[in-house]
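Shown next: work_36.cif, containing mmCIF, C-alpha atoms, pLDDT in the B column; chains and numbers go by the auth columns.
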```cif
data_upload
loop_
_atom_site.group_PDB
_atom_site.id
_atom_site.type_symbol
_atom_site.label_atom_id
_atom_site.label_comp_id
_atom_site.label_asym_id
_atom_site.label_seq_id
_atom_site.Cartn_x
_atom_site.Cartn_y
_atom_site.Cartn_z
_atom_site.B_iso_or_equiv
_atom_site.auth_seq_id
_atom_site.auth_asym_id
ATOM 1 C CA MET A 1 129.610 112.491 83.483 40.00 1 A
ATOM 2 C CA ARG A 2 128.038 114.232 86.462 43.00 2 A
ATOM 3 C CA ARG A 3 129.072 111.300 88.675 40.00 3 A
ATOM 4 C CA LEU A 4 132.666 111.593 87.434 35.00 4 A
ATOM 5 C CA VAL A 5 132.778 115.323 88.161 38.00 5 A
ATOM 6 C CA LEU A 6 131.308 114.732 91.619 35.00 6 A
ATOM 7 C CA ALA A 7 133.883 112.043 92.338 38.00 7 A
ATOM 8 C CA LEU A 8 136.721 114.360 91.298 37.00 8 A
ATOM 9 C CA LEU A 9 135.368 117.106 93.539 39.00 9 A
ATOM 10 C CA LEU A 10 135.189 114.715 96.465 35.00 10 A
ATOM 11 C CA MET A 11 138.770 113.609 95.851 40.00 11 A
ATOM 12 C CA LEU A 12 139.981 117.205 95.740 40.00 12 A
ATOM 13 C CA THR A 13 138.115 118.013 98.925 38.00 13 A
ATOM 14 C CA ALA A 14 139.568 115.002 100.704 38.00 14 A
ATOM 15 C CA SER A 15 143.117 115.809 99.589 37.00 15 A
ATOM 16 C CA GLY A 16 142.734 119.355 100.876 41.00 16 A
ATOM 17 C CA ALA A 17 142.132 118.167 104.454 46.00 17 A
ATOM 18 C CA GLY A 18 144.262 115.070 104.924 51.00 18 A
ATOM 19 C CA ALA A 19 144.965 113.245 108.154 84.00 19 A
ATOM 20 C CA GLU A 20 147.823 114.246 110.427 89.00 20 A
ATOM 21 C CA LYS A 21 150.991 112.401 111.388 91.00 21 A
ATOM 22 C CA LEU A 22 153.650 113.153 113.974 94.00 22 A
ATOM 23 C CA ALA A 23 157.424 113.374 113.675 93.00 23 A
ATOM 24 C CA SER A 24 159.172 113.661 117.047 94.00 24 A
ATOM 25 C CA THR A 25 162.572 113.209 118.657 93.00 25 A
ATOM 26 C CA VAL A 26 164.396 113.521 121.996 93.00 26 A
ATOM 27 C CA SER A 27 167.470 115.699 122.460 92.00 27 A
ATOM 28 C CA SER A 28 169.493 112.805 123.920 90.00 28 A
ATOM 29 C CA ALA A 29 169.003 109.072 123.454 91.00 29 A
ATOM 30 C CA THR A 30 171.088 108.216 126.517 91.00 30 A
ATOM 31 C CA VAL A 31 171.539 109.944 129.866 90.00 31 A
ATOM 32 C CA GLN A 32 174.698 108.808 131.635 87.00 32 A
ATOM 33 C CA ILE A 33 174.918 108.850 135.427 82.00 33 A
ATOM 34 C CA THR A 34 178.330 109.479 136.974 79.00 34 A
ATOM 35 C CA SER A 35 179.434 110.289 140.521 73.00 35 A
ATOM 36 C CA SER A 36 178.813 114.001 139.867 79.00 36 A
ATOM 37 C CA PHE A 37 175.351 113.553 138.323 82.00 37 A
ATOM 38 C CA ASP A 38 172.882 116.071 139.776 85.00 38 A
ATOM 39 C CA GLY A 39 170.015 115.719 137.308 88.00 39 A
ATOM 40 C CA ALA A 40 169.432 116.420 133.626 92.00 40 A
ATOM 41 C CA VAL A 41 167.070 118.330 131.376 94.00 41 A
ATOM 42 C CA LEU A 42 165.900 116.764 128.113 94.00 42 A
ATOM 43 C CA SER A 43 164.122 118.545 125.269 95.00 43 A
ATOM 44 C CA LEU A 44 161.393 116.864 123.236 96.00 44 A
ATOM 45 C CA PHE A 45 160.837 118.237 119.754 95.00 45 A
ATOM 46 C CA GLY A 46 158.089 117.456 117.302 95.00 46 A
ATOM 47 C CA THR A 47 156.239 118.618 114.250 94.00 47 A
ATOM 48 C CA ILE A 48 152.777 117.818 112.931 94.00 48 A
ATOM 49 C CA GLU A 49 152.701 116.924 109.247 92.00 49 A
ATOM 50 C CA PRO A 50 150.014 115.950 106.723 90.00 50 A
ATOM 51 C CA ASP A 51 149.667 112.218 106.270 84.00 51 A
ATOM 52 C CA THR A 52 149.338 112.614 102.502 82.00 52 A
ATOM 53 C CA ARG A 53 151.372 114.804 100.167 79.00 53 A
ATOM 54 C CA GLY A 54 149.675 118.032 99.205 73.00 54 A
ATOM 55 C CA ALA A 55 147.142 117.903 102.023 79.00 55 A
ATOM 56 C CA ALA A 56 146.523 121.037 104.058 81.00 56 A
ATOM 57 C CA LEU A 57 146.621 121.019 107.840 85.00 57 A
ATOM 58 C CA THR A 58 143.716 122.645 109.635 84.00 58 A
ATOM 59 C CA GLY A 59 144.552 123.446 113.255 79.00 59 A
ATOM 60 C CA PRO A 60 144.784 124.662 115.860 92.00 60 A
ATOM 61 C CA TYR A 61 146.481 121.716 117.542 95.00 61 A
ATOM 62 C CA ASN A 62 147.400 120.819 121.095 96.00 62 A
ATOM 63 C CA VAL A 63 150.006 118.382 122.354 97.00 63 A
ATOM 64 C CA VAL A 64 150.317 116.193 125.431 97.00 64 A
ATOM 65 C CA VAL A 65 153.583 114.344 126.128 97.00 65 A
ATOM 66 C CA VAL A 66 153.646 111.580 128.767 97.00 66 A
ATOM 67 C CA ILE A 67 157.127 110.535 129.952 97.00 67 A
ATOM 68 C CA THR A 68 157.193 107.191 131.757 97.00 68 A
ATOM 69 C CA GLY A 69 160.197 105.730 133.556 96.00 69 A
ATOM 70 C CA PRO A 70 161.052 102.104 134.380 96.00 70 A
ATOM 71 C CA LEU A 71 158.222 100.129 135.975 96.00 71 A
ATOM 72 C CA GLN A 72 158.643 98.861 139.528 94.00 72 A
ATOM 73 C CA ASP A 73 156.639 97.097 142.222 94.00 73 A
ATOM 74 C CA ARG A 74 155.888 99.344 145.198 92.00 74 A
ATOM 75 C CA VAL A 75 154.198 98.882 148.554 92.00 75 A
ATOM 76 C CA THR A 76 152.421 101.770 150.294 89.00 76 A
ATOM 77 C CA ARG A 77 151.944 101.277 154.030 88.00 77 A
ATOM 78 C CA LEU A 78 149.701 102.976 156.564 84.00 78 A
ATOM 79 C CA LYS A 79 151.299 103.704 159.938 80.00 79 A
ATOM 80 C CA THR A 80 149.117 104.054 163.031 81.00 80 A
ATOM 81 C CA ASN A 81 150.068 105.417 166.438 80.00 81 A
ATOM 82 C CA ASN A 82 149.037 102.851 169.048 80.00 82 A
ATOM 83 C CA TRP A 83 149.846 103.953 172.589 79.00 83 A
ATOM 84 C CA GLY A 84 152.822 105.989 171.402 76.00 84 A
ATOM 85 C CA ILE A 85 154.197 103.285 169.116 83.00 85 A
ATOM 86 C CA TRP A 86 153.985 103.676 165.345 81.00 86 A
ATOM 87 C CA THR A 87 153.233 100.400 163.560 77.00 87 A
ATOM 88 C CA ASN A 88 152.259 99.382 160.033 76.00 88 A
ATOM 89 C CA THR A 89 148.578 98.503 160.138 80.00 89 A
ATOM 90 C CA ASP A 90 147.655 98.290 156.455 85.00 90 A
ATOM 91 C CA GLN A 91 149.266 98.228 153.040 89.00 91 A
ATOM 92 C CA VAL A 92 148.578 98.126 149.294 93.00 92 A
ATOM 93 C CA THR A 93 150.875 96.699 146.621 94.00 93 A
ATOM 94 C CA PHE A 94 151.224 98.464 143.277 95.00 94 A
ATOM 95 C CA LYS A 95 152.479 96.217 140.482 96.00 95 A
ATOM 96 C CA GLN A 96 154.414 97.629 137.522 95.00 96 A
ATOM 97 C CA PHE A 97 154.092 101.195 138.776 96.00 97 A
ATOM 98 C CA PRO A 98 156.134 103.946 137.028 96.00 98 A
ATOM 99 C CA SER A 99 159.243 105.072 138.898 96.00 99 A
ATOM 100 C CA PHE A 100 158.979 108.350 136.990 97.00 100 A
ATOM 101 C CA TYR A 101 155.900 109.923 135.407 97.00 101 A
ATOM 102 C CA VAL A 102 155.625 113.432 133.978 97.00 102 A
ATOM 103 C CA VAL A 103 152.829 114.883 131.856 98.00 103 A
ATOM 104 C CA LEU A 104 153.642 117.906 129.678 97.00 104 A
ATOM 105 C CA ALA A 105 150.775 119.704 127.957 97.00 105 A
ATOM 106 C CA SER A 106 150.265 122.765 125.776 96.00 106 A
ATOM 107 C CA GLY A 107 147.271 123.855 127.875 96.00 107 A
ATOM 108 C CA LYS A 108 144.938 122.819 130.642 97.00 108 A
ATOM 109 C CA LEU A 109 144.028 119.190 130.084 96.00 109 A
ATOM 110 C CA ASP A 110 140.320 119.839 130.578 95.00 110 A
ATOM 111 C CA ASN A 111 140.435 122.441 127.804 96.00 111 A
ATOM 112 C CA ILE A 112 142.447 120.522 125.215 96.00 112 A
ATOM 113 C CA ALA A 113 141.377 116.870 125.647 96.00 113 A
ATOM 114 C CA SER A 114 138.054 115.161 126.179 96.00 114 A
ATOM 115 C CA PRO A 115 137.545 113.188 129.406 95.00 115 A
ATOM 116 C CA GLN A 116 137.289 110.027 127.307 95.00 116 A
ATOM 117 C CA ILE A 117 140.736 110.575 125.757 95.00 117 A
ATOM 118 C CA ILE A 118 142.295 111.305 129.158 95.00 118 A
ATOM 119 C CA ALA A 119 140.774 108.129 130.593 94.00 119 A
ATOM 120 C CA GLU A 120 141.564 105.883 127.613 94.00 120 A
ATOM 121 C CA GLN A 121 145.200 107.007 127.505 94.00 121 A
ATOM 122 C CA SER A 122 145.576 106.885 131.331 94.00 122 A
ATOM 123 C CA VAL A 123 147.141 110.337 131.208 96.00 123 A
ATOM 124 C CA LEU A 124 146.754 111.363 134.842 96.00 124 A
ATOM 125 C CA PRO A 125 149.067 109.962 137.543 95.00 125 A
ATOM 126 C CA ASP A 126 146.078 108.927 139.676 94.00 126 A
ATOM 127 C CA GLN A 127 144.944 106.636 136.870 94.00 127 A
ATOM 128 C CA GLN A 128 148.363 104.982 136.830 94.00 128 A
ATOM 129 C CA ALA A 129 147.923 104.228 140.533 94.00 129 A
ATOM 130 C CA ARG A 130 144.445 102.765 139.976 93.00 130 A
ATOM 131 C CA ASP A 131 145.708 100.526 137.190 92.00 131 A
ATOM 132 C CA ALA A 132 148.653 99.266 139.263 93.00 132 A
ATOM 133 C CA ALA A 133 146.848 98.756 142.594 93.00 133 A
ATOM 134 C CA GLN A 134 146.255 95.141 143.563 92.00 134 A
ATOM 135 C CA VAL A 135 143.035 96.069 145.370 90.00 135 A
ATOM 136 C CA GLN A 136 139.942 97.946 144.234 88.00 136 A
ATOM 137 C CA GLY A 137 137.582 100.531 145.619 88.00 137 A
ATOM 138 C CA VAL A 138 138.090 103.241 148.217 89.00 138 A
ATOM 139 C CA LYS A 139 141.225 101.628 149.633 89.00 139 A
ATOM 140 C CA ALA A 140 142.946 101.727 146.250 87.00 140 A
ATOM 141 C CA GLU A 141 141.962 105.377 145.802 91.00 141 A
ATOM 142 C CA GLU A 142 143.256 106.427 149.229 92.00 142 A
ATOM 143 C CA PHE A 143 146.586 104.597 149.042 92.00 143 A
ATOM 144 C CA GLY A 144 147.062 105.521 145.384 93.00 144 A
ATOM 145 C CA THR A 145 146.499 109.210 146.119 93.00 145 A
ATOM 146 C CA GLN A 146 149.095 109.134 148.890 93.00 146 A
ATOM 147 C CA LEU A 147 151.617 107.290 146.711 94.00 147 A
ATOM 148 C CA VAL A 148 151.232 109.859 143.924 95.00 148 A
ATOM 149 C CA ARG A 149 151.592 112.659 146.485 95.00 149 A
ATOM 150 C CA LEU A 150 154.850 111.203 147.802 94.00 150 A
ATOM 151 C CA MET A 151 156.234 110.663 144.306 95.00 151 A
ATOM 152 C CA THR A 152 155.315 114.262 143.441 96.00 152 A
ATOM 153 C CA GLN A 153 157.108 115.593 146.514 96.00 153 A
ATOM 154 C CA GLU A 154 160.219 113.677 145.434 94.00 154 A
ATOM 155 C CA HIS A 155 159.988 115.282 141.944 94.00 155 A
ATOM 156 C CA HIS A 156 159.407 111.935 140.262 96.00 156 A
ATOM 157 C CA PHE A 157 155.804 112.748 139.299 97.00 157 A
ATOM 158 C CA ALA A 158 154.460 115.984 137.803 97.00 158 A
ATOM 159 C CA VAL A 159 151.710 117.413 135.616 97.00 159 A
ATOM 160 C CA GLU A 160 152.851 120.562 133.817 97.00 160 A
ATOM 161 C CA GLU A 161 149.992 122.058 131.819 96.00 161 A
ATOM 162 C CA ASP A 162 152.331 124.709 130.384 94.00 162 A
ATOM 163 C CA GLY A 163 155.142 122.266 129.641 96.00 163 A
ATOM 164 C CA VAL A 164 154.759 122.272 125.840 97.00 164 A
ATOM 165 C CA ARG A 165 155.368 125.404 123.771 96.00 165 A
ATOM 166 C CA PHE A 166 154.501 125.788 120.102 96.00 166 A
ATOM 167 C CA LEU A 167 157.256 127.311 117.962 95.00 167 A
ATOM 168 C CA SER A 168 154.873 127.599 115.009 93.00 168 A
ATOM 169 C CA ASP A 169 151.403 126.334 114.124 93.00 169 A
ATOM 170 C CA THR A 170 152.734 122.783 113.833 92.00 170 A
ATOM 171 C CA ALA A 171 156.150 122.645 115.567 95.00 171 A
ATOM 172 C CA TYR A 172 156.502 122.309 119.343 96.00 172 A
ATOM 173 C CA VAL A 173 159.058 121.753 122.078 96.00 173 A
ATOM 174 C CA GLY A 174 158.827 120.530 125.668 96.00 174 A
ATOM 175 C CA GLN A 175 161.365 119.980 128.429 96.00 175 A
ATOM 176 C CA VAL A 176 161.469 117.364 131.153 96.00 176 A
ATOM 177 C CA THR A 177 163.735 117.473 134.211 95.00 177 A
ATOM 178 C CA LEU A 178 165.221 114.241 135.546 94.00 178 A
ATOM 179 C CA PRO A 179 166.114 114.354 139.277 93.00 179 A
ATOM 180 C CA SER A 180 169.495 113.278 140.595 89.00 180 A
ATOM 181 C CA ASP A 181 168.074 110.017 141.983 90.00 181 A
ATOM 182 C CA VAL A 182 166.214 109.042 138.815 92.00 182 A
ATOM 183 C CA ALA A 183 165.865 105.302 138.207 91.00 183 A
ATOM 184 C CA ASN A 184 168.082 103.528 135.691 90.00 184 A
ATOM 185 C CA GLY A 185 166.504 101.916 132.662 93.00 185 A
ATOM 186 C CA PRO A 186 164.378 102.634 129.602 95.00 186 A
ATOM 187 C CA PHE A 187 162.090 105.676 129.399 96.00 187 A
ATOM 188 C CA LEU A 188 159.242 106.308 126.958 96.00 188 A
ATOM 189 C CA ALA A 189 157.899 109.647 125.759 96.00 189 A
ATOM 190 C CA HIS A 190 154.415 109.127 124.320 96.00 190 A
ATOM 191 C CA THR A 191 153.015 112.118 122.430 96.00 191 A
ATOM 192 C CA LEU A 192 149.346 112.798 121.731 96.00 192 A
ATOM 193 C CA VAL A 193 148.298 115.327 119.098 96.00 193 A
ATOM 194 C CA LEU A 194 144.835 116.737 119.704 96.00 194 A
ATOM 195 C CA LYS A 195 142.415 118.829 117.673 95.00 195 A
ATOM 196 C CA ASP A 196 138.990 119.865 118.945 94.00 196 A
ATOM 197 C CA LYS A 197 139.750 117.746 122.048 95.00 197 A
ATOM 198 C CA GLN A 198 140.078 114.596 119.899 95.00 198 A
ATOM 199 C CA LEU A 199 143.151 112.469 119.208 95.00 199 A
ATOM 200 C CA VAL A 200 144.367 112.882 115.618 94.00 200 A
ATOM 201 C CA ALA A 201 147.938 111.511 115.815 94.00 201 A
ATOM 202 C CA GLU A 202 150.351 109.950 118.285 95.00 202 A
ATOM 203 C CA GLY A 203 153.892 108.672 118.491 94.00 203 A
ATOM 204 C CA THR A 204 156.455 107.275 120.935 94.00 204 A
ATOM 205 C CA GLN A 205 160.146 107.989 121.396 93.00 205 A
ATOM 206 C CA GLY A 206 162.505 106.229 123.789 94.00 206 A
ATOM 207 C CA PHE A 207 165.630 107.120 125.733 95.00 207 A
ATOM 208 C CA SER A 208 167.601 105.424 128.477 93.00 208 A
ATOM 209 C CA VAL A 209 169.235 106.357 131.762 92.00 209 A
ATOM 210 C CA ARG A 210 172.228 104.311 132.848 87.00 210 A
ATOM 211 C CA LYS A 211 175.180 104.427 135.207 74.00 211 A
ATOM 212 C CA THR A 212 178.722 104.630 133.843 71.00 212 A
ATOM 213 C CA GLY A 213 182.215 104.119 135.249 60.00 213 A
ATOM 214 C CA PHE A 214 182.757 102.671 138.718 56.00 214 A
ATOM 215 C CA GLU A 215 179.119 103.302 139.663 57.00 215 A
ATOM 216 C CA ASN A 216 178.038 101.042 136.809 56.00 216 A
ATOM 217 C CA PHE A 217 180.497 98.333 137.891 57.00 217 A
ATOM 218 C CA VAL A 218 179.081 98.342 141.430 60.00 218 A
ATOM 219 C CA PHE A 219 175.501 98.364 140.159 58.00 219 A
ATOM 220 C CA VAL A 220 176.022 95.481 137.720 57.00 220 A
ATOM 221 C CA ALA A 221 178.205 93.416 140.055 57.00 221 A
ATOM 222 C CA SER A 222 175.714 93.626 142.909 61.00 222 A
ATOM 223 C CA ARG A 223 173.069 92.013 140.696 58.00 223 A
ATOM 224 C CA GLN A 224 174.936 89.779 138.258 62.00 224 A
ATOM 225 C CA GLN A 225 178.033 88.808 140.294 66.00 225 A
ATOM 226 C CA PRO A 226 177.070 88.946 143.979 73.00 226 A
ATOM 227 C CA LEU A 227 180.097 86.894 145.097 74.00 227 A
ATOM 228 C CA LEU A 228 182.555 89.244 143.374 71.00 228 A
ATOM 229 C CA TYR A 229 180.636 92.227 144.704 69.00 229 A
ATOM 230 C CA GLY A 230 180.845 90.871 148.262 76.00 230 A
ATOM 231 C CA ILE A 231 184.587 90.184 147.963 80.00 231 A
ATOM 232 C CA VAL A 232 185.265 93.704 146.661 75.00 232 A
ATOM 233 C CA CYS A 233 183.215 95.220 149.497 78.00 233 A
ATOM 234 C CA VAL A 234 185.144 93.221 152.100 81.00 234 A
ATOM 235 C CA ILE A 235 188.495 94.230 150.560 82.00 235 A
ATOM 236 C CA LEU A 236 187.492 97.883 150.480 76.00 236 A
ATOM 237 C CA ALA A 237 186.310 97.740 154.094 80.00 237 A
ATOM 238 C CA LEU A 238 189.552 96.084 155.266 80.00 238 A
ATOM 239 C CA GLY A 239 191.656 98.542 153.276 77.00 239 A
ATOM 240 C CA THR A 240 189.773 101.535 154.644 78.00 240 A
ATOM 241 C CA GLY A 241 190.078 100.236 158.205 77.00 241 A
ATOM 242 C CA TRP A 242 193.806 99.584 157.841 75.00 242 A
ATOM 243 C CA LEU A 243 194.397 103.045 156.339 73.00 243 A
ATOM 244 C CA ALA A 244 192.407 104.732 159.110 71.00 244 A
ATOM 245 C CA GLY A 245 194.445 102.823 161.706 71.00 245 A
ATOM 246 C CA VAL A 246 197.718 103.953 160.154 69.00 246 A
ATOM 247 C CA VAL A 247 196.648 107.596 159.948 65.00 247 A
ATOM 248 C CA PHE A 248 195.318 107.864 163.501 69.00 248 A
ATOM 249 C CA ARG A 249 198.263 105.925 164.966 66.00 249 A
ATOM 250 C CA ARG A 250 200.537 108.726 163.806 58.00 250 A
#
```

Here is a file; write its structure as structure tokens.
Amino acid sequence: MRRLVLALLLMLTASGAGAEKLASTVSSATVQITSSFDGAVLSLFGTIEPDTRGAALTGPYNVVVVITGPLQDRVTRLKTNNWGIWTNTDQVTFKQFPSFYVVLASGKLDNIASPQIIAEQSVLPDQQARDAAQVQGVKAEEFGTQLVRLMTQEHHFAVEEDGVRFLSDTAYVGQVTLPSDVANGPFLAHTLVLKDKQLVAEGTQGFSVRKTGFENFVFVASRQQPLLYGIVCVILALGTGWLAGVVFRR
């Protein structure tokens, strides 16, 4: 009898502090690029819920959202001035490197996540460079740091430690800004829910960026129908030249 009562007490205790799960969404599943596109702002919403019905959530919680754009191969080169002439003297290739990478957090990363979590999830942009570099050691660190710096200057990389705001104890919102020259393709928003600096839940949402209209025709034709693309370019060039000749002749 005592064992049965103890088992019931344990069950009640467990149900009172159940595990967490995440429900999240993005404000727009598709971002369309037209000739007048000058960037876009997307909102990322989410709520933390108990994994089992009737369980009570025991916060406080923190959230980190990592937005990753299409992966590309990049080459970072070192230029050296030799007798007044700048030449490429060294380079490092980065395979499958993000074209866009933004980290949004509800607080300073050192205060809300353990170093192990940050390393395991490759949260920081510098870690993305290390993982993609085709060399190791000091050279990878130096070239990776410079690549991240350049991508940050172009507003394609960012770490915003105040980028997530809690609307309540369990509901949050974050915003990410896409620049006007953002890459086309699939994007992923990976969300980490943290409590006491430990990961308790995570989830991933996707959205896409794509060209529309005439811009999309040119983009697709240049890759899938190069002959047609070349013919159209020649026709446009001849037509523009003929029109310019007519106008200036008058």

Starting from the PyMOL selection byres ((chain A and resi 24) around 6), expand the selection into actual residues of this file and give them as a ChimeraX atom specification. /A:23,25,45-46

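Nearest residue to Asn111 of chain A among A:Lys197, A:Arg149, A:His155, A:Lys95 is A:Lys197, counting only C-alpha atoms.
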
As a check of understanding, name the residues that the PyMOL selection byres ((chain A and resi 66) around 8) selects in the supplied structure, as a PyMOL selection string. chain A and resi 64-65+67-68+101-104+123+188-191

Pairwise distance for atom CA of Val26 of chain A and atom CA of Gly69 of chain A, rounded to one decimal in Å: 14.6 Å

Apply the PyMOL selection byres ((chain A and resi 112) around 8) to the structure shown and report the selected residues as a ChimeraX atom specification. /A:62,107-111,113-114,194-197

Please measure the separation of atom CA of Val173 of chain A and atom CA of Asp51 of chain A, giving the value in Å to one decimal. 20.7 Å

Within 12 Å of Phe37 of chain A using all atoms listed in the file, minus same-chain residues under 4 positions, as a PDB file with C-alpha atoms, in the coordinates of the input:
```pdb
ATOM      1  CA  VAL A  31     171.539 109.944 129.866  1.00 90.00           C
ATOM      2  CA  GLN A  32     174.698 108.808 131.635  1.00 87.00           C
ATOM      3  CA  ILE A  33     174.918 108.850 135.427  1.00 82.00           C
ATOM      4  CA  VAL A  41     167.070 118.330 131.376  1.00 94.00           C
ATOM      5  CA  LEU A 178     165.221 114.241 135.546  1.00 94.00           C
ATOM      6  CA  PRO A 179     166.114 114.354 139.277  1.00 93.00           C
ATOM      7  CA  SER A 180     169.495 113.278 140.595  1.00 89.00           C
ATOM      8  CA  ASP A 181     168.074 110.017 141.983  1.00 90.00           C
ATOM      9  CA  VAL A 182     166.214 109.042 138.815  1.00 92.00           C
ATOM     10  CA  VAL A 209     169.235 106.357 131.762  1.00 92.00           C
ATOM     11  CA  ARG A 210     172.228 104.311 132.848  1.00 87.00           C
ATOM     12  CA  LYS A 211     175.180 104.427 135.207  1.00 74.00           C
ATOM     13  CA  THR A 212     178.722 104.630 133.843  1.00 71.00           C
ATOM     14  CA  GLU A 215     179.119 103.302 139.663  1.00 57.00           C
TER      15      GLU A 215
END
```

From the options A:Asp169, A:Asp162, A:Glu202, A:Asp126, which residue's atoms come nearest to Leu147 of chain A, counting only C-alpha atoms? A:Asp126

Excluding Leu42 of chain A and any residue of its chain fewer than 2 positions from it, enumerate the residues within 9 Å of it, using only C-alpha atoms, and give them as a VMD selection string. chain A and resid 26 to 28 40 44 174 to 178

Interatomic distance between atom CA of Ile48 of chain A and atom CA of Lys21 of chain A? 5.9 Å

Sphere at (151.1, 119.3, 106.8), radius 12 Å, counting all atoms listed in the file: residues as a PyMOL selection string: chain A and resi 15-23+47-59+61+169-171

From the options A:Ala132, A:Val63, A:Ile118, A:Val75, which residue's atoms come nearest to Val92 of chain A, counting only C-alpha atoms? A:Val75

Need the shell around Arg74 of chain A: protein/DNA/RNA residues with any atom at most 7 Å away, counting all atoms listed in the file. Skip same-chain ones fewer than 3 positions apart. Format as a compact mmCIF listing (two decimals) with C-alpha atoms, in the frame of the given file?
```txt
# COMPACT_ATOMS: atom_id res chain seq x y z
CA THR A 93 150.88 96.70 146.62
CA PHE A 94 151.22 98.46 143.28
CA LYS A 95 152.48 96.22 140.48
CA PHE A 97 154.09 101.20 138.78
```

Which is closest to Phe187 of chain A among A:Phe100, A:Ser208, A:Thr240, A:Ala201, if we use only C-alpha atoms?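 Among the listed residues, A:Ser208 lies closest to Phe187 of chain A.
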
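Among the candidates A:Ser43, A:Gln136, A:Glu160, A:Asp131, the residue lying nearest to Ala29 of chain A is A:Ser43 (atoms considered: all atoms listed in the file).
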
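Counting only C-alpha atoms and comparing A:Asp90, A:Ile235, A:Val135, A:Ala105, the residue that lies closest to Val159 of chain A is A:Ala105.
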
Give the centre and edge lengths of an axis-aligned box, in Å to one decimal, that holds all listed atoms of segment 172-189 of chain A with 8 Å on each side, as AutoDock Vina command-line options.
```
--center_x 163.0 --center_y 112.1 --center_z 130.7 --size_x 29.0 --size_y 36.4 --size_z 38.6
```

For segment 187-200 of chain A, supply N, CA and C atoms and report the output as a JSON list (two decimals), keeping the file's coordinate frame.
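And here is the file that came out, part.json:
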```
[["chain", "number", "residue", "atom", "x", "y", "z"],
["A", 187, "PHE", "N", 163.16, 104.69, 129.24],
["A", 187, "PHE", "CA", 162.09, 105.68, 129.40],
["A", 187, "PHE", "C", 161.35, 105.80, 128.07],
["A", 188, "LEU", "N", 160.06, 106.10, 128.15],
["A", 188, "LEU", "CA", 159.24, 106.31, 126.96],
["A", 188, "LEU", "C", 158.58, 107.68, 127.02],
["A", 189, "ALA", "N", 158.60, 108.38, 125.90],
["A", 189, "ALA", "CA", 157.90, 109.65, 125.76],
["A", 189, "ALA", "C", 156.80, 109.46, 124.71],
["A", 190, "HIS", "N", 155.56, 109.36, 125.20],
["A", 190, "HIS", "CA", 154.42, 109.13, 124.32],
["A", 190, "HIS", "C", 153.70, 110.45, 124.07],
["A", 191, "THR", "N", 153.58, 110.81, 122.81],
["A", 191, "THR", "CA", 153.01, 112.12, 122.43],
["A", 191, "THR", "C", 151.64, 111.95, 121.81],
["A", 192, "LEU", "N", 150.70, 112.77, 122.27],
["A", 192, "LEU", "CA", 149.35, 112.80, 121.73],
["A", 192, "LEU", "C", 149.12, 114.14, 121.06],
["A", 193, "VAL", "N", 148.67, 114.11, 119.82],
["A", 193, "VAL", "CA", 148.30, 115.33, 119.10],
["A", 193, "VAL", "C", 146.78, 115.43, 119.08],
["A", 194, "LEU", "N", 146.27, 116.55, 119.53],
["A", 194, "LEU", "CA", 144.84, 116.74, 119.70],
["A", 194, "LEU", "C", 144.33, 117.91, 118.87],
["A", 195, "LYS", "N", 143.11, 117.75, 118.37],
["A", 195, "LYS", "CA", 142.42, 118.83, 117.67],
["A", 195, "LYS", "C", 140.94, 118.74, 118.04],
["A", 196, "ASP", "N", 140.39, 119.85, 118.48],
["A", 196, "ASP", "CA", 138.99, 119.86, 118.94],
["A", 196, "ASP", "C", 138.77, 118.81, 120.03],
["A", 197, "LYS", "N", 139.79, 118.66, 120.91],
["A", 197, "LYS", "CA", 139.75, 117.75, 122.05],
["A", 197, "LYS", "C", 139.77, 116.27, 121.65],
["A", 198, "GLN", "N", 140.04, 115.98, 120.37],
["A", 198, "GLN", "CA", 140.08, 114.60, 119.90],
["A", 198, "GLN", "C", 141.49, 114.23, 119.44],
["A", 199, "LEU", "N", 141.83, 112.96, 119.59],
["A", 199, "LEU", "CA", 143.15, 112.47, 119.21],
["A", 199, "LEU", "C", 143.23, 112.31, 117.70],
["A", 200, "VAL", "N", 144.22, 112.97, 117.07],
["A", 200, "VAL", "CA", 144.37, 112.88, 115.62],
["A", 200, "VAL", "C", 145.68, 112.22, 115.21]]
```
